[in-house]
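Engineer: So here's start.cif, just mmCIF, C-alpha atoms:
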data_work
loop_
_atom_site.label_atom_id
_atom_site.label_comp_id
_atom_site.auth_asym_id
_atom_site.auth_seq_id
_atom_site.Cartn_x
_atom_site.Cartn_y
_atom_site.Cartn_z
CA MET J 264 -13.19 -42.63 9.98
CA SER J 265 -12.62 -42.69 13.76
CA ASP J 266 -9.57 -41.26 15.49
CA LEU J 267 -8.73 -44.79 16.64
CA ARG J 268 -8.45 -46.03 13.07
CA LEU J 269 -6.22 -43.08 12.16
CA ALA J 270 -3.90 -43.66 15.13
CA PRO J 271 -0.61 -45.51 14.56
CA THR J 272 -0.67 -49.22 15.31
CA ALA J 273 1.91 -51.08 17.37
CA ALA J 274 3.39 -52.42 14.12
CA ASP J 275 3.68 -48.88 12.73
CA VAL J 276 5.41 -47.62 15.87
CA LEU J 277 7.82 -50.54 16.21
CA ALA J 278 8.89 -50.28 12.57
CA ASP J 279 10.99 -47.30 13.65
CA VAL J 280 12.56 -49.06 16.65
CA PRO J 281 15.78 -51.04 16.01
CA VAL J 282 15.24 -54.79 16.16
CA ALA J 283 17.97 -55.16 18.79
CA ALA J 284 16.42 -52.52 21.06
CA PRO J 285 15.84 -53.62 24.68
CA ALA J 286 12.40 -54.09 26.17
CA ALA J 287 12.46 -50.72 27.94
CA ARG J 288 12.92 -48.91 24.64
CA VAL J 289 10.13 -50.92 23.00
CA TRP J 290 7.85 -50.08 25.94
CA ALA J 291 8.83 -46.40 25.74
CA ALA J 292 7.93 -46.26 22.04
CA LEU J 293 4.57 -47.94 22.63
CA GLY J 294 3.75 -45.54 25.45
CA ALA J 295 4.90 -42.33 23.80
CA SER J 296 2.88 -43.10 20.67
CA GLY J 297 -0.36 -43.66 22.61
CA VAL J 298 -0.55 -47.36 21.73
CA LEU J 299 -0.69 -48.30 25.41
CA ASP J 300 -3.41 -45.75 26.13
CA ARG J 301 -5.56 -47.15 23.33
CA LEU J 302 -4.97 -50.72 24.49
CA TYR J 303 -7.27 -50.41 27.51
CA GLU J 304 -10.89 -49.84 28.37
CA ARG J 305 -12.38 -49.18 31.80
CA ARG J 306 -14.72 -52.05 32.61
CA ALA J 307 -16.32 -53.59 35.69
CA GLY J 308 -13.12 -55.50 36.34
CA GLY J 309 -11.03 -52.33 36.22
CA LEU J 310 -8.63 -51.26 33.49
CA VAL J 311 -8.38 -54.18 31.05
CA PRO J 312 -6.91 -54.62 27.56
CA VAL J 313 -9.30 -55.04 24.63
CA PRO J 314 -8.60 -58.59 23.33
CA ASP J 315 -8.08 -57.80 19.63
CA ARG J 316 -5.86 -54.82 20.46
CA LEU J 317 -3.86 -56.96 22.88
CA GLY J 318 -3.43 -59.61 20.20
CA ALA J 319 -2.27 -57.01 17.68
CA LEU J 320 0.20 -55.55 20.18
CA LEU J 321 1.74 -58.91 21.09
CA GLY J 322 1.84 -59.94 17.43
CA ALA J 323 3.75 -56.78 16.51
CA VAL J 324 6.25 -57.24 19.34
CA ASP J 325 6.66 -60.97 18.62
CA ALA J 326 7.38 -60.26 14.95
CA ARG J 327 10.68 -58.73 16.09
CA GLY J 328 11.83 -62.20 17.12
CA ASP J 329 12.99 -61.52 20.69
CA ASN J 330 10.88 -63.69 22.98
CA GLY J 331 12.29 -62.06 26.11
CA VAL J 332 11.19 -58.61 25.00
CA THR J 333 7.72 -59.94 24.20
CA LEU J 334 7.46 -61.52 27.64
CA SER J 335 8.42 -58.21 29.27
CA VAL J 336 5.78 -56.29 27.33
CA LEU J 337 3.15 -58.97 27.99
CA VAL J 338 3.55 -59.01 31.77
CA GLN J 339 3.49 -55.23 32.03
CA ALA J 340 0.55 -54.75 29.66
CA ALA J 341 -1.66 -57.61 30.86
CA SER J 342 -0.90 -57.72 34.59
CA ALA J 343 1.35 -55.10 36.15
CA LEU J 344 -0.22 -51.98 34.70
CA PRO J 345 -3.84 -53.09 35.35
CA VAL J 346 -3.01 -54.07 38.96
CA LEU J 347 -1.31 -50.71 39.43
CA ALA J 348 -4.35 -48.93 37.99
CA ASP J 349 -6.66 -50.80 40.38
CA GLY J 350 -4.89 -49.34 43.38
CA ALA J 351 -4.07 -45.85 42.14
CA ALA J 352 -5.64 -42.97 44.07
CA PRO J 353 -6.45 -39.73 42.19
CA SER J 354 -3.04 -38.42 43.26
CA GLY J 355 0.10 -39.58 45.03
CA VAL J 356 3.03 -41.92 44.39
CA VAL J 357 1.03 -44.77 42.83
CA ARG J 358 -0.85 -42.42 40.48
CA ARG J 359 2.39 -40.77 39.34
CA ALA J 360 3.98 -44.17 38.74
CA LEU J 361 0.92 -45.36 36.80
CA ASP J 362 1.04 -42.29 34.56
CA GLN J 363 4.77 -42.80 33.97
CA VAL J 364 4.38 -46.46 33.09
CA ARG J 365 1.36 -45.91 30.84
CA SER J 366 3.18 -43.14 28.95
CA GLY J 367 6.25 -45.33 28.47
CA ALA J 368 8.44 -43.05 30.61
CA ALA J 369 8.98 -45.83 33.16
CA THR J 370 8.68 -49.61 33.46
CA VAL J 371 7.28 -51.76 36.25
CA ALA J 372 8.08 -55.34 37.27
CA LEU J 373 5.35 -57.54 38.72
CA ALA J 374 7.08 -59.10 41.75
CA ALA J 375 4.65 -61.76 42.94
CA THR J 376 6.60 -65.04 42.81
CA ASP J 377 8.30 -65.53 46.16
CA GLY J 378 11.76 -66.81 46.98
CA ALA J 379 10.50 -69.01 49.81
CA THR J 380 7.85 -71.10 48.03
CA ALA J 381 7.02 -72.70 44.70
CA GLY J 382 5.84 -70.10 42.18
CA SER J 383 2.31 -71.47 42.05
CA ASP J 384 1.89 -71.27 45.83
CA LEU J 385 1.31 -67.54 46.20
CA ALA J 386 -0.66 -68.02 49.42
CA GLY J 387 2.49 -69.40 51.04
CA LEU J 388 4.76 -66.49 50.15
CA GLY J 389 7.11 -65.20 52.82
CA THR J 390 7.74 -61.61 51.74
CA GLU J 391 6.30 -59.42 54.49
CA VAL J 392 5.11 -55.84 54.79
CA THR J 393 4.59 -54.03 58.08
CA LEU J 394 1.94 -51.35 57.74
CA GLY J 395 2.31 -48.39 60.08
CA PRO J 396 0.66 -44.97 60.20
CA ASP J 397 3.84 -43.19 59.13
CA GLU J 398 5.99 -45.91 57.58
CA VAL J 399 5.77 -49.11 55.54
CA ARG J 400 8.56 -51.70 55.85
CA VAL J 401 9.10 -54.54 53.35
CA SER J 402 11.41 -57.55 53.70
CA GLY J 403 11.73 -60.77 51.76
CA GLY J 404 12.71 -62.01 48.34
CA LYS J 405 11.25 -62.50 44.89
CA ARG J 406 12.57 -64.89 42.26
CA TRP J 407 12.36 -65.09 38.48
CA ILE J 408 10.85 -61.64 38.11
CA THR J 409 10.42 -60.43 34.54
CA SER J 410 11.95 -56.95 33.91
CA ALA J 411 13.50 -56.89 37.40
CA LEU J 412 16.91 -55.82 36.09
CA THR J 413 15.64 -52.75 34.26
CA ALA J 414 12.39 -51.74 36.00
CA ASP J 415 11.98 -48.36 37.63
CA TRP J 416 9.31 -49.73 39.95
CA LEU J 417 8.74 -53.11 41.61
CA LEU J 418 5.10 -54.02 42.25
CA VAL J 419 5.56 -56.32 45.24
CA LEU J 420 2.95 -58.71 46.62
CA ALA J 421 3.61 -59.08 50.36
CA ARG J 422 2.01 -60.58 53.43
CA HIS J 423 0.79 -58.08 56.05
CA ARG J 424 -0.48 -60.71 58.50
CA PRO J 425 0.01 -64.47 59.13
CA GLY J 426 -2.07 -67.13 57.45
CA ARG J 427 -3.01 -68.25 53.95
CA HIS J 428 -6.31 -66.37 53.75
CA PHE J 429 -6.60 -64.26 50.60
CA THR J 430 -7.11 -61.11 52.71
CA SER J 431 -3.61 -61.45 54.21
CA PHE J 432 -1.82 -59.89 51.23
CA THR J 433 -1.16 -56.36 50.01
CA TRP J 434 0.56 -54.80 47.01
CA VAL J 435 3.37 -52.33 47.68
CA LEU J 436 5.03 -50.17 45.02
CA VAL J 437 8.77 -50.19 45.68
CA PRO J 438 11.18 -47.86 43.84
CA ALA J 439 13.93 -50.02 42.34
CA THR J 440 16.51 -47.58 43.74
CA ALA J 441 15.18 -47.58 47.32
CA PRO J 442 17.70 -48.42 50.08
CA GLY J 443 17.49 -52.12 50.92
CA VAL J 444 16.57 -53.22 47.38
CA ARG J 445 19.05 -55.51 45.64
CA VAL J 446 18.45 -57.08 42.23
CA HIS J 447 20.72 -59.61 40.57
CA PRO J 448 20.39 -61.48 37.25
CA ALA J 449 18.75 -64.88 37.04
CA ASP J 450 21.22 -67.57 35.99
CA THR J 451 19.87 -68.31 32.52
CA ASP J 452 20.72 -67.63 28.90
CA LEU J 453 17.08 -68.00 27.79
CA LEU J 454 14.66 -65.08 27.32
CA THR J 455 17.51 -62.67 28.01
CA GLY J 456 15.52 -59.74 26.64
CA ALA J 457 13.10 -60.13 29.55
CA ALA J 458 15.78 -58.84 31.97
CA THR J 459 14.73 -61.50 34.48
CA GLY J 460 16.18 -61.23 37.96
CA HIS J 461 15.91 -62.11 41.61
CA VAL J 462 14.99 -59.38 44.09
CA GLU J 463 16.13 -59.07 47.69
CA LEU J 464 14.22 -56.68 49.96
CA THR J 465 15.97 -55.95 53.25
CA ASP J 466 14.03 -53.69 55.62
CA VAL J 467 12.93 -51.39 52.79
CA ARG J 468 11.28 -48.34 54.35
CA LEU J 469 8.63 -46.39 52.46
CA THR J 470 5.78 -44.00 53.14
CA PRO J 471 2.20 -45.33 53.35
CA GLU J 472 1.63 -43.69 49.96
CA HIS J 473 3.43 -46.67 48.41
CA VAL J 474 0.67 -49.12 49.38
CA VAL J 475 -1.31 -49.99 46.26
CA GLY J 476 -5.02 -50.06 46.97
CA ARG J 477 -6.52 -51.13 50.27
CA PRO J 478 -4.55 -53.47 52.56
CA GLY J 479 -5.81 -57.01 52.23
CA ARG J 480 -6.95 -56.59 48.64
CA GLY J 481 -3.71 -57.72 47.05
CA MET J 482 -4.67 -61.28 46.18
CA ALA J 483 -8.12 -60.24 44.99
CA ALA J 484 -6.61 -57.65 42.63
CA PHE J 485 -4.15 -60.23 41.34
CA ALA J 486 -6.89 -62.79 40.72
CA ARG J 487 -8.98 -60.17 38.91
CA HIS J 488 -6.27 -59.70 36.29
CA MET J 489 -4.82 -63.22 36.22
CA GLY J 490 -7.29 -64.19 33.52
CA THR J 491 -6.15 -61.35 31.28
CA GLU J 492 -2.54 -62.47 31.56
CA ARG J 493 -3.58 -66.00 30.62
CA LEU J 494 -5.45 -64.67 27.60
CA ALA J 495 -2.35 -62.66 26.67
CA GLY J 496 -0.23 -65.80 26.93
CA ALA J 497 -2.53 -67.66 24.54
CA LEU J 498 -2.51 -64.74 22.09
CA TRP J 499 1.27 -64.66 22.18
CA ALA J 500 1.40 -68.44 21.69
CA VAL J 501 -0.59 -67.99 18.48
CA ALA J 502 1.75 -65.25 17.25
CA LEU J 503 4.93 -67.16 18.13
CA THR J 504 3.89 -70.51 16.64
CA THR J 505 2.56 -68.79 13.52
CA ARG J 506 5.88 -67.00 13.04
CA VAL J 507 7.91 -70.20 13.48
CA LEU J 508 5.57 -72.16 11.21
CA ALA J 509 5.98 -69.53 8.48
CA ASP J 510 9.78 -69.66 8.85
CA THR J 511 9.71 -73.46 8.76
CA ARG J 512 7.69 -73.57 5.56
CA GLU J 513 10.13 -71.18 3.89
CA ARG J 514 13.04 -73.41 4.92
CA LEU J 515 11.25 -76.52 3.65
CA GLU J 516 10.70 -74.89 0.27
CA GLN J 517 14.41 -74.03 0.00
CA ARG J 518 15.84 -77.46 0.93
CA SER J 519 15.66 -80.44 -1.39
CA VAL J 520 15.90 -84.22 -1.18
CA ASP J 521 16.41 -86.15 -4.43
CA GLY J 522 15.91 -82.95 -6.38
CA ARG J 523 12.52 -82.21 -4.83
CA PRO J 524 11.83 -79.54 -2.18
CA LEU J 525 11.07 -81.00 1.24
CA TRP J 526 7.80 -79.08 1.18
CA GLN J 527 6.53 -81.35 -1.60
CA HIS J 528 6.93 -84.58 0.41
CA PRO J 529 3.52 -85.81 1.67
CA ALA J 530 4.79 -86.94 5.09
CA VAL J 531 6.35 -83.54 5.72
CA ARG J 532 3.22 -81.71 4.58
CA GLN J 533 0.98 -83.83 6.81
CA ARG J 534 3.09 -83.21 9.91
CA TYR J 535 3.19 -79.52 9.12
CA ALA J 536 -0.57 -79.42 8.51
CA THR J 537 -1.24 -81.07 11.88
CA SER J 538 0.61 -78.23 13.59
CA LEU J 539 -1.26 -75.68 11.50
CA VAL J 540 -4.58 -77.14 12.63
CA ARG J 541 -3.53 -77.00 16.29
CA VAL J 542 -2.58 -73.34 16.07
CA ARG J 543 -5.78 -72.50 14.22
CA GLU J 544 -7.75 -74.21 17.01
CA LEU J 545 -5.92 -72.13 19.61
CA ARG J 546 -6.67 -68.95 17.66
CA ALA J 547 -10.36 -69.90 17.51
CA LEU J 548 -10.35 -70.45 21.27
CA CYS J 549 -8.83 -66.99 21.80
CA ASP J 550 -11.43 -65.41 19.52
CA SER J 551 -14.35 -67.11 21.25
CA LEU J 552 -13.23 -66.65 24.87
CA GLY J 553 -11.34 -63.35 24.86
CA GLU J 554 -14.27 -61.10 25.71
CA ARG J 555 -15.48 -63.50 28.39
CA VAL J 556 -12.12 -63.24 30.12
CA THR J 557 -11.82 -59.45 30.01
CA ALA J 558 -15.44 -58.33 30.28
CA ARG J 559 -16.81 -61.03 32.60
CA GLN J 560 -13.65 -62.11 34.43
CA ASP J 561 -14.42 -65.71 33.48
CA LEU J 562 -11.58 -67.62 35.16
CA GLY J 563 -12.82 -70.92 33.73
CA ALA J 564 -12.37 -69.54 30.21
CA ALA J 565 -8.95 -68.22 31.20
CA ALA J 566 -7.93 -71.67 32.46
CA LEU J 567 -8.98 -73.20 29.14
CA LEU J 568 -6.82 -70.68 27.28
CA LYS J 569 -3.82 -71.16 29.55
CA SER J 570 -4.04 -74.95 29.28
CA ALA J 571 -4.47 -74.86 25.52
CA ALA J 572 -1.46 -72.59 25.05
CA GLY J 573 0.73 -74.96 27.06
CA LEU J 574 -0.58 -78.06 25.27
CA VAL J 575 -0.27 -76.61 21.75
CA THR J 576 2.98 -74.66 21.82
CA ASP J 577 5.51 -77.37 22.64
CA PRO J 578 4.36 -80.05 20.15
CA VAL J 579 4.05 -77.47 17.36
CA LEU J 580 7.51 -76.05 17.97
CA ALA J 581 8.94 -79.55 18.41
CA THR J 582 7.61 -80.44 14.96
CA CYS J 583 9.07 -77.26 13.47
CA ALA J 584 12.42 -77.92 15.15
CA GLN J 585 12.60 -81.41 13.70
CA LEU J 586 11.47 -80.33 10.23
CA GLN J 587 14.14 -77.61 10.20
CA GLY J 588 16.81 -80.26 10.82
CA ALA J 589 20.27 -78.91 11.62
CA ASP J 590 19.07 -75.40 10.74
CA GLY J 591 16.86 -75.54 13.81
CA PHE J 592 19.97 -75.20 15.98
CA ALA J 593 21.08 -71.99 14.27
CA ARG J 594 20.69 -68.62 15.94
CA GLY J 595 16.99 -67.79 15.78
CA GLY J 596 16.11 -71.36 14.80
CA ALA J 597 13.19 -73.40 16.09
CA GLN J 598 15.21 -75.19 18.77
CA ARG J 599 15.82 -71.91 20.58
CA ALA J 600 12.19 -70.88 20.20
CA ARG J 601 11.09 -74.23 21.60
CA ALA J 602 13.32 -73.94 24.66
CA GLU J 603 12.11 -70.41 25.43
CA ALA J 604 8.49 -71.32 24.78
CA ALA J 605 8.61 -73.70 27.75
CA VAL J 606 7.48 -70.60 29.66
CA PHE J 607 3.94 -71.23 28.36
CA GLY J 608 3.75 -74.41 30.44
CA ILE J 609 5.22 -72.83 33.58
CA GLY J 610 4.73 -69.06 33.84
CA GLY J 611 1.39 -67.93 35.25
CA GLY J 612 0.58 -71.44 36.50
CA VAL J 613 1.98 -74.87 35.59
CA THR J 614 -0.15 -76.51 32.89
CA GLU J 615 -0.96 -79.55 35.02
CA LEU J 616 -2.28 -77.39 37.87
CA VAL J 617 -4.37 -75.30 35.48
CA LEU J 618 -5.81 -78.48 33.98
CA GLU J 619 -7.03 -79.34 37.47
CA ALA J 620 -9.06 -76.12 37.36
CA VAL J 621 -10.43 -77.09 33.94
CA ALA J 622 -11.45 -80.49 35.31
CA GLY J 623 -13.18 -78.78 38.22
CA ASP J 624 -15.22 -76.79 35.71
CA ALA J 625 -15.98 -79.87 33.58
CA ASP J 626 -19.78 -79.76 34.01
CA ALA J 627 -19.97 -76.18 32.72
CA VAL J 628 -17.65 -76.96 29.81
CA LEU J 629 -19.63 -80.05 28.84
CA THR J 630 -22.91 -78.15 29.03
CA GLU J 631 -21.54 -75.48 26.75
CA LEU J 632 -20.15 -78.04 24.31
CA GLY J 633 -23.54 -79.72 24.12
CA SER J 634 -25.48 -76.57 23.32
CA TRP J 635 -25.77 -74.97 19.90
CA THR J 636 -27.09 -71.49 19.38
CA PRO J 637 -28.41 -70.85 15.86
#
Written as C-alpha cells, how would this file's structure read?
Structural biologist:
Amino acid sequence: MSDLRLAPTAADVLADVPVAAPAARVWAALGASGVLDRLYERRAGGLVPVPDRLGALLGAVDARGDNGVTLSVLVQAASALPVLADGAAPSGVVRRALDQVRSGAATVALAATDGATAGSDLAGLGTEVTLGPDEVRVSGGKRWITSALTADWLLVLARHRPGRHFTSFTWVLVPATAPGVRVHPADTDLLTGAATGHVELTDVRLTPEHVVGRPGRGMAAFARHMGTERLAGALWAVALTTRVLADTRERLEQRSVDGRPLWQHPAVRQRYATSLVRVRELRALCDSLGERVTARQDLGAAALLKSAAGLVTDPVLATCAQLQGADGFARGGAQRARAEAAVFGIGGGVTELVLEAVAGDADAVLTELGSWTP
C-alpha cells in the first residue's frame, strides 16, 4: 500500500476541527496534516491540483455546511497558491510566503477584481504598480476579495503600464499589515465564513522581492490557472447540491400529507429525480473534463464546466427550497444555500459571458459530440 493511501484524508483531518471553526483554522489543519501538499502535482502548467483529490478536498470542506469557508479554501487551493507557486524564486519573500501558505501557517487572498471596473473586465483594472530598481509602489483598490479580512498576504494583480494588452499586468505580494493597506468588510450577510472584504492600497511601498514572477506575466499566469478554479467551482457545485438534495430527501421522508410521507408522492419524486439527473450530469462532466483542464490547460473544457455549474446549481437548489417548504427558510435550509450559491453564476466569470466562450468553441464541441471512440 502506498504512502499516499496511508496518509490522512481531508475528511479525516477535518473531523477533529470544530464545525464552527473559521476558514483560517480549516486551512491550517489541512496544511499541517500534509493534505495540501498531496493535493498538487507539478505539471507543464505549473503546480496544479489533481482533480479527484481536489474534489475530495472540497467535498470534505463542504460537508461542514459553511459555504463561505468552502469558498475561501477553494480560491486559495485552486488559484492563489498555484499563481504564487508560478512566481516563486528558489528563495526570497515569495518563496517564504508560498511555504507558509502551503503548510497552513498563513493564508493568502487573491486580489484580482478591481474597484474601478466590472469584475469580469480584468484588462480594465486601475490598480497600479510602479516598478523601480529599489522599490515597488502599489496604489488602487480591490473589491469583493475572498479571505481579505483574515489573510496574511494579498496577491494583488496590478497594472505596470498603460493599455489593455495582457503584458501590462504584474502580480505583487503585499503583506496585509504593510503601511498603506486598509481592508474593510464587504456589506453582506451571505458567505460570511469567506471573510470577504474590500482592499484599499494607498502608496504601499515594498521591495522588488515582492514582485511575483516576471513583470508582464501577471495575466498569463492568471489565465493559466483560471481553468483550474472553474473546475474547482464545478466540483464544489456537485458537492453542495448533493448535500442539499440528501437533506431534502430526509425532510420529505419525515413530513406527511394525508398520512403519507411527501417522498411517496409521484409529483414530488419526479421533480426531485430531475434535479438528481442534472447533478449526475454535472458530475459526469467533471469526471470527463477534469484532466483536460489541469493537464492540458483546456480553457474550452473549463468554460463548459463553469457554464454547467451555473446552469445546474440554481434550478436544483430552487427545487430543493420549494420542496422543503417553510423549513427551507430555517437556519441552514435550502433557501440560504440557494442565495449563497448565486456565486456560481457570478464568481470567476458571469455565466452569460462564459457561455459566449462556449459558443465560440462550438465547432470543436460539436465535433467531439459527433465522435465515438470504442
Engineer: Quick one: which residues end up in the PyMOL selection byres ((chain J and resi 556) around 10) for this structure, as a PyMOL selection string?
Structural biologist: chain J and resi 308+311+314+487-494+549+551-555+557-566+568
Engineer: Between J:Val542, J:Ala441, J:Leu277, J:Ala375, single out the one closest to Val575 in chain J, counting only C-alpha atoms.
Structural biologist: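 That would be J:Val542, the residue with the smallest distance to Val575 in chain J.
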Engineer: Name every residue that the PyMOL selection byres ((chain J and resi 453-466) around 8) selects in this structure, writing the answer as a ChimeraX atom specification with chains first and numbers rising.
Structural biologist: /J:285-286,329-335,400-413,443-449,451-452,467-468,602-603
Engineer: Within 12 Å of Asp279 in chain J, counting all atoms listed in the file, which residues show up once you throw out same-chain ones fewer than 5 positions away? Write them as a list in words, please.
Structural biologist: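 Counting only the stated atoms, we get Pro271, Thr272, Ala273, Ala274, Ala284, Arg288, Val289, Ala292, Leu293, Ser296 and Arg327 of chain J.
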Engineer: Selection in question (the file shown): the PyMOL selection byres ((chain J and resi 516) around 12). Which residues does it include, as a list in words?
Structural biologist: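 The output of the PyMOL selection byres ((chain J and resi 516) around 12) on this file is Ala509, Asp510, Thr511, Arg512, Glu513, Arg514, Leu515, Gln517, Arg518, Ser519, Val520, Gly522, Arg523, Pro524, Leu525, Trp526, Gln527, His528, Val531, Arg532, Leu586 and Gln587 of chain J.
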Engineer: Pick from J:Ala497, J:Ala319, J:Val336, J:Val621: nearest to Trp290 in chain J, with all atoms listed in the file counted?
Structural biologist: J:Val336
Engineer: Excluding same-chain residues fewer than 4 positions from Leu616 in chain J, what lies within 12 Å of it counting only C-alpha atoms, as a compact mmCIF listing (two decimals) with C-alpha atoms, in the coordinates of the input?
Structural biologist:
# COMPACT_ATOMS: atom_id res chain seq x y z
CA GLY J 382 5.84 -70.10 42.18
CA SER J 383 2.31 -71.47 42.05
CA ASP J 384 1.89 -71.27 45.83
CA ALA J 566 -7.93 -71.67 32.46
CA LEU J 567 -8.98 -73.20 29.14
CA LYS J 569 -3.82 -71.16 29.55
CA SER J 570 -4.04 -74.95 29.28
CA GLY J 573 0.73 -74.96 27.06
CA GLY J 608 3.75 -74.41 30.44
CA ILE J 609 5.22 -72.83 33.58
CA GLY J 610 4.73 -69.06 33.84
CA GLY J 611 1.39 -67.93 35.25
CA GLY J 612 0.58 -71.44 36.50
CA ALA J 620 -9.06 -76.12 37.36
CA VAL J 621 -10.43 -77.09 33.94
CA ALA J 622 -11.45 -80.49 35.31
CA GLY J 623 -13.18 -78.78 38.22
Engineer: Do you know which residues are at most 10 Å from Val364 in chain J counting all atoms listed in the file, after dropping those on the same chain fewer than 2 positions away, and could you put them as number ranges by chain?
Structural biologist: J: 290-291, 294, 299, 339-340, 343-344, 347, 358-362, 366-371, 415-416
Engineer: List the spatial neighbours of Arg601 in chain J as a ChimeraX atom specification - criterion: any atom at most 12 Å away, all atoms listed in the file, same-chain residues fewer than 3 positions off excluded.
Structural biologist: /J:330,453-454,500,503-504,507-508,573,575-585,591-592,595-598,604-608
Engineer: Restricting the output to C-alpha atoms, write the selected residues as a short mmCIF file (atom, residue, chain, number, x, y, z; two decimals), keeping the file's coordinate frame.
Structural biologist:
data_model
loop_
_atom_site.label_atom_id
_atom_site.label_comp_id
_atom_site.auth_asym_id
_atom_site.auth_seq_id
_atom_site.Cartn_x
_atom_site.Cartn_y
_atom_site.Cartn_z
CA ASN J 330 10.88 -63.69 22.98
CA LEU J 453 17.08 -68.00 27.79
CA LEU J 454 14.66 -65.08 27.32
CA ALA J 500 1.40 -68.44 21.69
CA LEU J 503 4.93 -67.16 18.13
CA THR J 504 3.89 -70.51 16.64
CA VAL J 507 7.91 -70.20 13.48
CA LEU J 508 5.57 -72.16 11.21
CA GLY J 573 0.73 -74.96 27.06
CA VAL J 575 -0.27 -76.61 21.75
CA THR J 576 2.98 -74.66 21.82
CA ASP J 577 5.51 -77.37 22.64
CA PRO J 578 4.36 -80.05 20.15
CA VAL J 579 4.05 -77.47 17.36
CA LEU J 580 7.51 -76.05 17.97
CA ALA J 581 8.94 -79.55 18.41
CA THR J 582 7.61 -80.44 14.96
CA CYS J 583 9.07 -77.26 13.47
CA ALA J 584 12.42 -77.92 15.15
CA GLN J 585 12.60 -81.41 13.70
CA GLY J 591 16.86 -75.54 13.81
CA PHE J 592 19.97 -75.20 15.98
CA GLY J 595 16.99 -67.79 15.78
CA GLY J 596 16.11 -71.36 14.80
CA ALA J 597 13.19 -73.40 16.09
CA GLN J 598 15.21 -75.19 18.77
CA ALA J 604 8.49 -71.32 24.78
CA ALA J 605 8.61 -73.70 27.75
CA VAL J 606 7.48 -70.60 29.66
CA PHE J 607 3.94 -71.23 28.36
CA GLY J 608 3.75 -74.41 30.44
#
Engineer: What separation in Å, quoted to one decimal, exists between CA of Arg477 in chain J and CA of Asp300 in chain J?
Structural biologist: 24.9 Å
Engineer: Using all atoms listed in the file for the distances, tell me which of J:Gly389, J:Pro471, J:Gly395, J:Gly297 is nearest to Arg365 in chain J.
Structural biologist: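 Using all atoms listed in the file, Arg365 in chain J sits closest to J:Gly297.
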Engineer: How many Å separate CA of Ala270 in chain J from CA of Ala307 in chain J?
Structural biologist: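 These atoms are spaced 26.0 Å apart.
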Engineer: Hey, which of J:Leu388, J:Asp377, J:Val501, J:Pro529 ends up closest to Pro425 in chain J? Count all atoms listed in the file.
Structural biologist: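 With all atoms listed in the file as the atom set, the closest residue is J:Leu388.
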Engineer: I'd like the interatomic distance between CA of Phe485 in chain J and CA of Glu391 in chain J, to a tenth of an Å.
Structural biologist: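 We find that CA of Phe485 in chain J and CA of Glu391 in chain J lie 16.8 Å from each other.
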Engineer: Can you complete the atoms of range 597-601 of chain J to all heavy atoms and list them as an mmCIF file, in the frame of the given file?
Structural biologist:
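Ended up saving to out.cif:
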data_model
loop_
_atom_site.group_PDB
_atom_site.id
_atom_site.type_symbol
_atom_site.label_atom_id
_atom_site.label_comp_id
_atom_site.auth_asym_id
_atom_site.auth_seq_id
_atom_site.Cartn_x
_atom_site.Cartn_y
_atom_site.Cartn_z
ATOM 1 N N ALA J 597 14.345 -72.914 15.326
ATOM 2 C CA ALA J 597 13.190 -73.400 16.090
ATOM 3 C C ALA J 597 13.586 -74.045 17.409
ATOM 4 O O ALA J 597 12.781 -74.071 18.347
ATOM 5 C CB ALA J 597 12.396 -74.392 15.246
ATOM 6 N N GLN J 598 14.804 -74.571 17.507
ATOM 7 C CA GLN J 598 15.210 -75.190 18.770
ATOM 8 C C GLN J 598 15.270 -74.148 19.890
ATOM 9 O O GLN J 598 14.863 -74.419 21.021
ATOM 10 C CB GLN J 598 16.572 -75.883 18.607
ATOM 11 C CG GLN J 598 16.579 -77.076 17.669
ATOM 12 C CD GLN J 598 15.863 -78.292 18.257
ATOM 13 O OE1 GLN J 598 15.370 -78.270 19.383
ATOM 14 N NE2 GLN J 598 15.788 -79.360 17.485
ATOM 15 N N ARG J 599 15.776 -72.973 19.588
ATOM 16 C CA ARG J 599 15.820 -71.910 20.580
ATOM 17 C C ARG J 599 14.406 -71.463 20.953
ATOM 18 O O ARG J 599 14.085 -71.276 22.131
ATOM 19 C CB ARG J 599 16.603 -70.726 20.023
ATOM 20 C CG ARG J 599 16.655 -69.500 20.920
ATOM 21 C CD ARG J 599 17.649 -69.683 22.022
ATOM 22 N NE ARG J 599 17.781 -68.507 22.859
ATOM 23 C CZ ARG J 599 18.814 -68.285 23.664
ATOM 24 N NH1 ARG J 599 19.805 -69.172 23.710
ATOM 25 N NH2 ARG J 599 18.868 -67.214 24.419
ATOM 26 N N ALA J 600 13.574 -71.291 19.938
ATOM 27 C CA ALA J 600 12.190 -70.880 20.200
ATOM 28 C C ALA J 600 11.485 -71.909 21.072
ATOM 29 O O ALA J 600 10.731 -71.547 21.993
ATOM 30 C CB ALA J 600 11.445 -70.693 18.887
ATOM 31 N N ARG J 601 11.735 -73.183 20.816
ATOM 32 C CA ARG J 601 11.090 -74.230 21.600
ATOM 33 C C ARG J 601 11.524 -74.181 23.062
ATOM 34 O O ARG J 601 10.704 -74.293 23.969
ATOM 35 C CB ARG J 601 11.408 -75.601 21.004
ATOM 36 C CG ARG J 601 10.699 -76.736 21.734
ATOM 37 C CD ARG J 601 11.170 -78.094 21.286
ATOM 38 N NE ARG J 601 10.444 -79.139 22.000
ATOM 39 C CZ ARG J 601 10.781 -80.429 21.958
ATOM 40 N NH1 ARG J 601 11.817 -80.820 21.232
ATOM 41 N NH2 ARG J 601 10.086 -81.307 22.635
#
